[in-house]
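Student: Got a structure for you, questions after.
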Amino acid sequence: MIDEDTGLELVDPGKLLDDIPFKKDIRLAQTYIAGTMFVEDIEDKLGAVTYGTDLKLRRDPSNPYDRNAIEVLNGYGDRIGFLPRKINPIAAGLMDSGKHLYCRVTSMVFEMDYTEVDVDIMMEDL
């Protein structure tokens, strides 16, 4: 509905807006995805992943090797590795407190027996 006096659109205060006007994601760190060498069919799982692709993060607190473990998942939910152990404590704490973190691919290198995926860790700021 348009206000006849001002010409501005009136918004129902009870209506949820789809677009959050001041949403800006925050880059927390630059790192790489650890453990890609242990993922079977890693090149297939990274098939649709390119520069700028967002990857999901999922906490893995029951991981026997690292209680702060965070899995990195492709768009299909396949694990492609983990955040490195040195990054985990802060990222895990943020995720455990309800913050939404994800990764954005910044570079990828495929060599014979070596796959490196560099990422920015991003936090959704609402």
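A note on labels: chains of the structure tokens are A, B, ... as shown, every chain counts residues from 1, and ligands are counted from 1 in their shown order.
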Just the strand (DSSP E or B) stuff from chain A, please, per backbone DSSP, written as a ChimeraX atom specification.
Tutor: /A:2,9,26-32,34,54-59,70-73,79-82,101-111,114-123
Student: Please measure the separation of CA of Gly35 (chain A) and CA of Asp125 (chain A), giving the value in Å to one decimal.
Tutor: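 Between these atoms lies a distance of 28.4 Å.
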Student: Report as number ranges by chain: the residues of chain A with a DSSP assignment of helix (DSSP H, G or I), based on the backbone of this structure.
Tutor: A: 36-38, 42-45, 88-96
Student: Leaving out Asp78 (chain A) and any residue of its chain fewer than 2 positions from it, which residues lie within 10 Å of it when counting only C-alpha atoms, given as a PyMOL selection string?
Tutor: chain A and resi 39+42+45-46+56+71-76+80-81
Student: List the spatial neighbours of region 106-112 of chain A as a list in words - criterion: any atom at most 12 Å away, only C-alpha atoms, same-chain residues fewer than 3 positions off excluded.
Tutor: Ala29, Gln30, Thr31, Tyr32, Ile33, Thr36, Met37, Ile42, Glu43, Asp44, Leu46, Gly47, Val49, Thr50, Tyr51, Gly52, Thr53, Asp54, Leu55, Cys103, Thr115, Glu116, Val117, Asp118, Val119, Asp120, Ile121 and Met122 of chain A
